[in-house]
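Some notes on the structure that comes next.
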Amino acid sequence: MSGQPAARRTVLKGAALVGAAGLGVSACSTESKLGHAETPTPTAPVELGAPDEVPVGGSKLYREARVIVNCPAKGQYKAFSAQCTHAGCLLDKVEDNVGKCPCHGSHFDTTTGKALHGPATAPLPSVPVRVESGKLVAGPDA
């Protein structure tokens, strides 16, 4: 009889540890997520500023709009969400066309949106962008 309670306690402790481990794994999953905002891209057109603020061959982060704009050639623009696809944190800087997430260290190619360094594995969603009245505008109908 003294052997049974110890075995039962061991099983219960093991079950509790497995449950806690499962919560930890789901909290920091590498699956793509929309993150903290319901939508990782603008839901209405957003004026970003002058096109020449984005260097040719480079990228610029517009944190408030949650958008990164890349200029592969003069007059051409591509835009991506600036919200990390791992846990939804907002990217905090762009250096040499690499967007960096401060939360878990993910890196993204700002010319393609591709995840370069995990834990994120999904690319940044693209965002329509255009030049209108001398300003960059990102979002739907752009």
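Every chain in the structure tokens takes a letter, A first, then B, and so on in the order presented; its residues are numbered from 1, and the ligands are numbered from 1 following the presented order.
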
DSSP-assigned strand (DSSP E) among range 36-90 of chain A, expressed as a list in words
Val46, Glu47, Leu48, Gly49, Ser59, Lys60, Leu61, Tyr62, Val67, Ile68, Val69, Asn70, Cys71, Pro72, Ala73, Gln76, Tyr77, Lys78, Ala79, Phe80 and Ser81 of chain A

Can you list, as JSON, numbers by chain, every protein, DNA or RNA residue that comes within 6 Å of range 132-139 of chain A when you count only C-alpha atoms, leaving out same-chain residues fewer than 5 positions away?
{"A": [42, 44, 45, 46, 47, 48, 49, 50, 51, 127]}

So, counting only C-alpha atoms, which residue among A:Thr112, A:Thr121, A:Thr41, A:Ser59 is closest to Val94 in chain A?
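Nearest to Val94 in chain A: A:Ser59.
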
Considering only C-alpha atoms, state which residue in the set A:Gly75, A:Thr43, A:Glu95, A:Gly88 is at the smallest distance from Gly58 in chain A.
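So, comparing all the options, the nearest one is A:Glu95.
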
Report, in Å with one decimal, the straight-line distance from CA of Leu90 in chain A to CA of Tyr62 in chain A.
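Value for the CA of Leu90 in chain A-CA of Tyr62 in chain A distance: 10.4 Å.
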
For CA of Ala73 in chain A and CA of Lys100 in chain A, the interatomic separation in Å (one decimal)
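Taking CA of Ala73 in chain A as the start and CA of Lys100 in chain A as the end point, the length is 22.8 Å.
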
Between A:Val54, A:Lys93, A:Thr85, A:Pro102, single out the one closest to Ala120 in chain A, counting only C-alpha atoms.
A:Thr85

Tell me which protein, DNA and RNA residues are within 6 Å of range 63-70 of chain A, counting only C-alpha atoms, leaving out same-chain ones fewer than 5 positions away, and put them as JSON, numbers by chain.
{"A": [58, 77, 78, 79, 80, 81, 82, 111]}

Name the closest residue to Leu116 in chain A among the candidates A:Cys89, A:Cys84, A:Cys103, A:Val129; distances are taken between atoms, counting only C-alpha atoms.
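Closest candidate: A:Cys84.
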
Measuring between only C-alpha atoms, which one of A:Asn97, A:Gln83, A:Gln76, A:Ser106 shows the shortest distance to Pro125 in chain A?
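When distances to Pro125 in chain A are compared using only C-alpha atoms, the smallest one comes from A:Gln83.
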
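Take CA of Leu61 in chain A and CA of Asp92 in chain A: the distance between them is 8.0 Å.
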
Shell around Pro119 in chain A at 8 Å using only C-alpha atoms, local window under 2 positions removed, as number ranges by chain:
A: 30, 86, 104-106, 117, 121
